[in-house]
Amino acid sequence: MTSNLQNTLWLWTEGAFSRRVMYTLLIKGLVLSTSDLLQGKTTESNLHINTVKVDPAKGWVCADPDDPQPDGATNPCMRTTDDATGEVFFIYESTSIILYLEELYPENPMRPCSTVEQAMMMDIIGRINLVAIDSNYFLRNTVPEHGAVMGVAAEDQQQSTALNAKDQEIKGLLKIQAWAELNGLGKRGWITPGIDGPGLADVTLASNVRFIDLIYGIYMFDDARLKPLSEWYERFKKLPWWNDFEERDGIVPAILEFGKSSRAAWTKEKGLYGS
């Protein structure tokens, strides 16, 4: 059936959640290089990439304007067209997209074979997604522009809310770390159980850590208790494509250049988070 499917990905090449998909493409060999990824070239004839930029006035601007991202869709987004039936399906969430890609293109597997280890992997991915919510509440009360996008005016940003969110973020990361250690992090070096390389749980967490560090200059593993995860992240950054992809020119989009310098009033009073 998969041979009948034509698959298109819309990817904001500087985005947080689209990074989960892009890391997956690079690790699985579905793109051969950063250059190919940014040009939308894949190794599969039925997999197409339409790269996306963000224009403050126009919104999503696609490399192929004749095949725009669906109205109302966030990024990443994926479309599957069944050539045999003509049916068209859309997938809108990064977790669902990377799981679907793994199903469609099983070579260079990024999830374990056993059902129980797949369930353990989904425990970790689910917890990472919950941590991302805590991170978002922290940022919307720490960075005025981020807060404004989320409906929080600068004068309403609260220290107590931000620090509570940060505390919950750390608790969630400690739980992820504990589960990963039980699943073999110390022996195999990765947080996805049951495989000997970076898997779907690894790309899910690494993308969040990288985006927040790159854009806001805030490192999620600053807490000394998170040393095993910090060491894991340094290992992830040694993957062969990392420097070409993550250290390239223009990696920080113009609309987010405020990230490292803009801080809520309470951070300046306390001297916290780079204020």
# chains A, B, ... in the order shown; residues from 1 in each chain; ligands from 1
call {"tool": "residues_around", "arguments": {"residues": "segment 225-232 of chain A", "least_positions_apart": "4", "cutoff": "8 Å", "atoms": "only C-alpha atoms", "output": "list in words"}}
result
Leu173, Leu174, Gln177, Gly189, Trp190, Phe221 and Phe236 of chain A
call {"tool": "residues_around", "arguments": {"residues": "Thr51 of chain A", "least_positions_apart": "3", "cutoff": "8 Å", "atoms": "only C-alpha atoms", "output": "PyMOL selection string"}}
result
chain A and resi 10-13+38-40+62-64
call {"tool": "write_last_selection", "arguments": {"atoms": "all heavy atoms", "output": "PDB file, in the first residue's frame"}}
result
ATOM      1  N   TRP A  10       5.463  19.903   4.752  1.00  0.00           N
ATOM      2  CA  TRP A  10       5.739  21.337   4.822  1.00  0.00           C
ATOM      3  C   TRP A  10       6.565  21.577   6.082  1.00  0.00           C
ATOM      4  O   TRP A  10       6.120  21.271   7.200  1.00  0.00           O
ATOM      5  CB  TRP A  10       4.442  22.147   4.885  1.00  0.00           C
ATOM      6  CG  TRP A  10       3.689  22.173   3.590  1.00  0.00           C
ATOM      7  CD1 TRP A  10       3.838  23.064   2.570  1.00  0.00           C
ATOM      8  CD2 TRP A  10       2.642  21.288   3.177  1.00  0.00           C
ATOM      9  NE1 TRP A  10       2.962  22.786   1.543  1.00  0.00           N
ATOM     10  CE2 TRP A  10       2.209  21.701   1.894  1.00  0.00           C
ATOM     11  CE3 TRP A  10       2.029  20.182   3.769  1.00  0.00           C
ATOM     12  CZ2 TRP A  10       1.192  21.048   1.200  1.00  0.00           C
ATOM     13  CZ3 TRP A  10       1.026  19.532   3.093  1.00  0.00           C
ATOM     14  CH2 TRP A  10       0.622  19.966   1.810  1.00  0.00           C
ATOM     15  N   LEU A  11       7.773  22.108   5.902  1.00  0.00           N
ATOM     16  CA  LEU A  11       8.708  22.230   7.018  1.00  0.00           C
ATOM     17  C   LEU A  11       9.271  23.640   7.108  1.00  0.00           C
ATOM     18  O   LEU A  11       9.927  24.118   6.167  1.00  0.00           O
ATOM     19  CB  LEU A  11       9.870  21.234   6.851  1.00  0.00           C
ATOM     20  CG  LEU A  11       9.508  19.748   6.886  1.00  0.00           C
ATOM     21  CD1 LEU A  11      10.737  18.909   6.569  1.00  0.00           C
ATOM     22  CD2 LEU A  11       8.930  19.359   8.239  1.00  0.00           C
ATOM     23  N   TRP A  12       9.004  24.300   8.241  1.00  0.00           N
ATOM     24  CA  TRP A  12       9.670  25.556   8.560  1.00  0.00           C
ATOM     25  C   TRP A  12      11.073  25.185   9.021  1.00  0.00           C
ATOM     26  O   TRP A  12      11.245  24.597  10.095  1.00  0.00           O
ATOM     27  CB  TRP A  12       8.895  26.293   9.652  1.00  0.00           C
ATOM     28  CG  TRP A  12       9.528  27.583  10.098  1.00  0.00           C
ATOM     29  CD1 TRP A  12      10.376  28.375   9.382  1.00  0.00           C
ATOM     30  CD2 TRP A  12       9.352  28.227  11.369  1.00  0.00           C
ATOM     31  NE1 TRP A  12      10.741  29.470  10.112  1.00  0.00           N
ATOM     32  CE2 TRP A  12      10.129  29.415  11.341  1.00  0.00           C
ATOM     33  CE3 TRP A  12       8.621  27.930  12.501  1.00  0.00           C
ATOM     34  CZ2 TRP A  12      10.197  30.283  12.425  1.00  0.00           C
ATOM     35  CZ3 TRP A  12       8.673  28.791  13.586  1.00  0.00           C
ATOM     36  CH2 TRP A  12       9.448  29.962  13.532  1.00  0.00           C
ATOM     37  N   THR A  13      12.067  25.519   8.237  1.00  0.00           N
ATOM     38  CA  THR A  13      13.414  24.986   8.467  1.00  0.00           C
ATOM     39  C   THR A  13      14.116  25.608   9.662  1.00  0.00           C
ATOM     40  O   THR A  13      15.221  25.189  10.010  1.00  0.00           O
ATOM     41  CB  THR A  13      14.290  25.166   7.208  1.00  0.00           C
ATOM     42  OG1 THR A  13      14.244  26.537   6.784  1.00  0.00           O
ATOM     43  CG2 THR A  13      13.790  24.269   6.089  1.00  0.00           C
ATOM     44  N   LEU A  38      17.379  21.486   2.771  1.00  0.00           N
ATOM     45  CA  LEU A  38      16.955  22.872   2.574  1.00  0.00           C
ATOM     46  C   LEU A  38      16.455  23.122   1.149  1.00  0.00           C
ATOM     47  O   LEU A  38      15.695  24.067   0.912  1.00  0.00           O
ATOM     48  CB  LEU A  38      18.101  23.822   2.902  1.00  0.00           C
ATOM     49  CG  LEU A  38      18.594  23.776   4.362  1.00  0.00           C
ATOM     50  CD1 LEU A  38      19.756  24.733   4.564  1.00  0.00           C
ATOM     51  CD2 LEU A  38      17.467  24.068   5.339  1.00  0.00           C
ATOM     52  N   GLN A  39      16.882  22.259   0.219  1.00  0.00           N
ATOM     53  CA  GLN A  39      16.395  22.359  -1.159  1.00  0.00           C
ATOM     54  C   GLN A  39      15.173  21.467  -1.409  1.00  0.00           C
ATOM     55  O   GLN A  39      14.643  21.436  -2.518  1.00  0.00           O
ATOM     56  CB  GLN A  39      17.507  21.971  -2.135  1.00  0.00           C
ATOM     57  CG  GLN A  39      18.688  22.925  -2.149  1.00  0.00           C
ATOM     58  CD  GLN A  39      19.773  22.444  -3.097  1.00  0.00           C
ATOM     59  OE1 GLN A  39      19.583  22.403  -4.312  1.00  0.00           O
ATOM     60  NE2 GLN A  39      20.919  22.067  -2.542  1.00  0.00           N
ATOM     61  N   GLY A  40      14.766  20.728  -0.388  1.00  0.00           N
ATOM     62  CA  GLY A  40      13.600  19.860  -0.529  1.00  0.00           C
ATOM     63  C   GLY A  40      13.856  18.568  -1.262  1.00  0.00           C
ATOM     64  O   GLY A  40      12.918  17.930  -1.758  1.00  0.00           O
ATOM     65  N   CYS A  62       5.873  29.434   1.147  1.00  0.00           N
ATOM     66  CA  CYS A  62       6.395  28.129   0.735  1.00  0.00           C
ATOM     67  C   CYS A  62       7.349  28.255  -0.446  1.00  0.00           C
ATOM     68  O   CYS A  62       7.158  29.094  -1.339  1.00  0.00           O
ATOM     69  CB  CYS A  62       5.245  27.202   0.355  1.00  0.00           C
ATOM     70  SG  CYS A  62       4.128  26.841   1.724  1.00  0.00           S
ATOM     71  N   ALA A  63       8.367  27.404  -0.462  1.00  0.00           N
ATOM     72  CA  ALA A  63       9.296  27.369  -1.582  1.00  0.00           C
ATOM     73  C   ALA A  63       8.571  27.055  -2.878  1.00  0.00           C
ATOM     74  O   ALA A  63       8.908  27.577  -3.938  1.00  0.00           O
ATOM     75  CB  ALA A  63      10.399  26.348  -1.314  1.00  0.00           C
ATOM     76  N   ASP A  64       7.580  26.179  -2.803  1.00  0.00           N
ATOM     77  CA  ASP A  64       6.727  25.885  -3.956  1.00  0.00           C
ATOM     78  C   ASP A  64       5.380  26.552  -3.715  1.00  0.00           C
ATOM     79  O   ASP A  64       4.496  25.994  -3.056  1.00  0.00           O
ATOM     80  CB  ASP A  64       6.544  24.378  -4.120  1.00  0.00           C
ATOM     81  CG  ASP A  64       5.646  24.017  -5.296  1.00  0.00           C
ATOM     82  OD1 ASP A  64       5.207  24.951  -6.013  1.00  0.00           O
ATOM     83  OD2 ASP A  64       5.363  22.824  -5.485  1.00  0.00           O
TER      84      ASP A  64
END
call {"tool": "residues_around", "arguments": {"residues": "segment 265-273 of chain A", "least_positions_apart": "2", "cutoff": "8 Å", "atoms": "only C-alpha atoms", "output": "PyMOL selection string"}}
result
chain A and resi 142+158-159+218+263+275
call {"tool": "residues_around", "arguments": {"residues": "Thr192 of chain A", "least_positions_apart": "6", "cutoff": "6 Å", "atoms": "only C-alpha atoms", "output": "MDAnalysis selection string"}}
result
chainID A and resid 121 199 201
call {"tool": "closest_residue", "arguments": {"among": "A:Gly29, A:Pro65, A:Pro106, A:Gly126", "to": "Trp241 of chain A", "atoms": "only C-alpha atoms"}}
result
A:Gly29
call {"tool": "select_by_dssp", "arguments": {"residues": "segment 75-114 of chain A", "states": "helix (DSSP H, G or I)", "output": "list of chain:residue names"}}
result
A:Ser94, A:Thr95, A:Ser96, A:Ile97, A:Ile98, A:Leu99, A:Tyr100, A:Leu101, A:Glu102, A:Glu103, A:Leu104
call {"tool": "write_last_selection", "arguments": {"atoms": "C-alpha atoms", "output": "mmCIF file, in the first residue's frame"}}
result
data_model
loop_
_atom_site.group_PDB
_atom_site.id
_atom_site.type_symbol
_atom_site.label_atom_id
_atom_site.label_comp_id
_atom_site.auth_asym_id
_atom_site.auth_seq_id
_atom_site.Cartn_x
_atom_site.Cartn_y
_atom_site.Cartn_z
ATOM 1 C CA SER A 94 5.040 16.478 14.883
ATOM 2 C CA THR A 95 4.757 13.388 17.105
ATOM 3 C CA SER A 96 2.243 11.813 14.723
ATOM 4 C CA ILE A 97 4.336 12.760 11.690
ATOM 5 C CA ILE A 98 7.567 11.129 12.902
ATOM 6 C CA LEU A 99 5.688 7.973 13.908
ATOM 7 C CA TYR A 100 4.040 7.866 10.478
ATOM 8 C CA LEU A 101 7.377 8.395 8.714
ATOM 9 C CA GLU A 102 8.794 5.474 10.693
ATOM 10 C CA GLU A 103 5.904 3.314 9.500
ATOM 11 C CA LEU A 104 6.263 4.412 5.878
#
call {"tool": "closest_residue", "arguments": {"among": "A:Gly172, A:Pro112, A:Gly15, A:Pro253", "to": "Asp134 of chain A", "atoms": "only C-alpha atoms"}}
result
A:Gly172
call {"tool": "atom_distance", "arguments": {"atom1": "atom CA of Lys41 of chain A", "atom2": "atom CA of Thr204 of chain A"}}
result
22.6 Å
call {"tool": "closest_residue", "arguments": {"among": "A:Asn75, A:Ser18, A:Ser33, A:Thr80", "to": "Gln6 of chain A", "atoms": "only C-alpha atoms"}}
result
A:Thr80
call {"tool": "residues_around", "arguments": {"residues": "segment 146-151 of chain A", "least_positions_apart": "6", "cutoff": "10 Å", "atoms": "only C-alpha atoms", "output": "list in words"}}
result
Asn136, Tyr137, Phe138, Leu139, Arg140, Gln157, Leu256, Phe258, Gly259, Ser262, Arg263 and Ala264 of chain A
call {"tool": "atom_distance", "arguments": {"atom1": "atom CA of Leu185 of chain A", "atom2": "atom CA of Val31 of chain A"}}
result
27.1 Å
call {"tool": "atom_distance", "arguments": {"atom1": "atom CA of Asn4 of chain A", "atom2": "atom CA of Asp82 of chain A"}}
result
5.7 Å
call {"tool": "closest_residue", "arguments": {"among": "A:Phe17, A:Trp242, A:Tyr233, A:Trp60", "to": "Ser207 of chain A", "atoms": "only C-alpha atoms"}}
result
A:Phe17
call {"tool": "residues_around", "arguments": {"residues": "Val209 of chain A", "least_positions_apart": "3", "cutoff": "9 Å", "atoms": "only C-alpha atoms", "output": "compact mmCIF listing (two decimals) with N, CA, C and O atoms, in the first residue's frame"}}
result
# COMPACT_ATOMS: atom_id res chain seq x y z
N LEU A 205 13.12 15.24 22.11
CA LEU A 205 13.68 16.08 23.17
C LEU A 205 14.76 17.02 22.65
O LEU A 205 14.79 18.21 23.00
N ALA A 206 15.64 16.52 21.81
CA ALA A 206 16.76 17.35 21.33
C ALA A 206 16.26 18.59 20.59
O ALA A 206 16.86 19.66 20.70
N ILE A 212 15.17 26.23 22.23
CA ILE A 212 15.12 27.17 23.35
C ILE A 212 16.50 27.75 23.62
O ILE A 212 16.64 28.94 23.92
N ASP A 213 17.54 26.95 23.50
CA ASP A 213 18.90 27.44 23.68
C ASP A 213 19.29 28.40 22.56
O ASP A 213 19.84 29.49 22.80
N LEU A 214 19.00 28.03 21.33
CA LEU A 214 19.37 28.84 20.18
C LEU A 214 18.64 30.19 20.16
O LEU A 214 19.26 31.24 19.95
N ILE A 218 18.61 30.04 26.71
CA ILE A 218 18.28 29.39 27.99
C ILE A 218 18.47 27.88 27.81
O ILE A 218 17.84 27.27 26.94
N TYR A 219 19.36 27.31 28.61
CA TYR A 219 19.70 25.89 28.48
C TYR A 219 18.84 25.07 29.44
O TYR A 219 18.87 25.30 30.65
N MET A 220 18.09 24.15 28.92
CA MET A 220 17.12 23.41 29.73
C MET A 220 17.76 22.50 30.76
O MET A 220 17.12 22.12 31.74
N PHE A 221 19.04 22.14 30.56
CA PHE A 221 19.70 21.20 31.47
C PHE A 221 20.68 21.89 32.42
O PHE A 221 21.65 21.28 32.86
N TYR A 233 22.76 15.10 25.51
CA TYR A 233 22.59 16.14 24.50
C TYR A 233 23.91 16.44 23.80
O TYR A 233 23.94 16.64 22.57
call {"tool": "closest_residue", "arguments": {"among": "A:Asp36, A:Leu5, A:Ala73, A:Lys175", "to": "Thr85 of chain A", "atoms": "only C-alpha atoms"}}
result
A:Leu5
call {"tool": "residues_around", "arguments": {"residues": "Tyr92 of chain A", "least_positions_apart": "6", "cutoff": "7 Å", "atoms": "only C-alpha atoms", "output": "CSV table (one decimal) with N, CA, C and O atoms, in the first residue's frame"}}
result
chain,number,residue,atom,x,y,z
A,73,ALA,N,-3.3,25.4,9.1
A,73,ALA,CA,-2.4,24.4,9.6
A,73,ALA,C,-1.2,25.0,10.3
A,73,ALA,O,-0.7,26.1,9.9
A,74,THR,N,-0.7,24.4,11.4
A,74,THR,CA,0.5,24.8,12.0
A,74,THR,C,1.6,24.1,11.3
A,74,THR,O,1.4,23.4,10.3
A,76,PRO,N,5.2,21.6,11.7
A,76,PRO,CA,5.1,20.9,10.5
A,76,PRO,C,3.7,20.4,10.1
A,76,PRO,O,2.8,20.4,11.0
A,77,CYS,N,3.5,20.1,8.9
A,77,CYS,CA,2.3,19.5,8.4
A,77,CYS,C,2.7,18.5,7.3
A,77,CYS,O,3.7,18.6,6.6
A,78,MET,N,1.8,17.4,7.2
A,78,MET,CA,2.1,16.4,6.2
A,78,MET,C,0.8,16.0,5.5
A,78,MET,O,-0.2,15.9,6.1
call {"tool": "closest_residue", "arguments": {"among": "A:Leu37, A:Ala16, A:Ala180, A:Leu239", "to": "Ile124 of chain A", "atoms": "only C-alpha atoms"}}
result
A:Ala180
call {"tool": "select_by_dssp", "arguments": {"residues": "segment 61-241 of chain A", "states": "strand (DSSP E or B)", "output": "PyMOL selection string"}}
result
chain A and resi 61-62+77-82+88-91
call {"tool": "write_last_selection", "arguments": {"atoms": "C-alpha atoms", "output": "mmCIF file, in the first residue's frame"}}
result
data_model
loop_
_atom_site.group_PDB
_atom_site.id
_atom_site.type_symbol
_atom_site.label_atom_id
_atom_site.label_comp_id
_atom_site.auth_asym_id
_atom_site.auth_seq_id
_atom_site.Cartn_x
_atom_site.Cartn_y
_atom_site.Cartn_z
ATOM 1 C CA VAL A 61 5.713 31.411 2.555
ATOM 2 C CA CYS A 62 6.395 28.129 0.735
ATOM 3 C CA CYS A 77 2.297 19.506 8.395
ATOM 4 C CA MET A 78 2.110 16.389 6.223
ATOM 5 C CA ARG A 79 -0.169 15.288 3.407
ATOM 6 C CA THR A 80 -0.584 11.731 2.147
ATOM 7 C CA THR A 81 -2.340 11.106 -1.158
ATOM 8 C CA ASP A 82 -3.401 7.590 -2.096
ATOM 9 C CA VAL A 88 -6.088 12.724 0.705
ATOM 10 C CA PHE A 89 -5.149 12.741 4.389
ATOM 11 C CA PHE A 90 -3.440 15.420 6.507
ATOM 12 C CA ILE A 91 -1.339 14.952 9.640
#
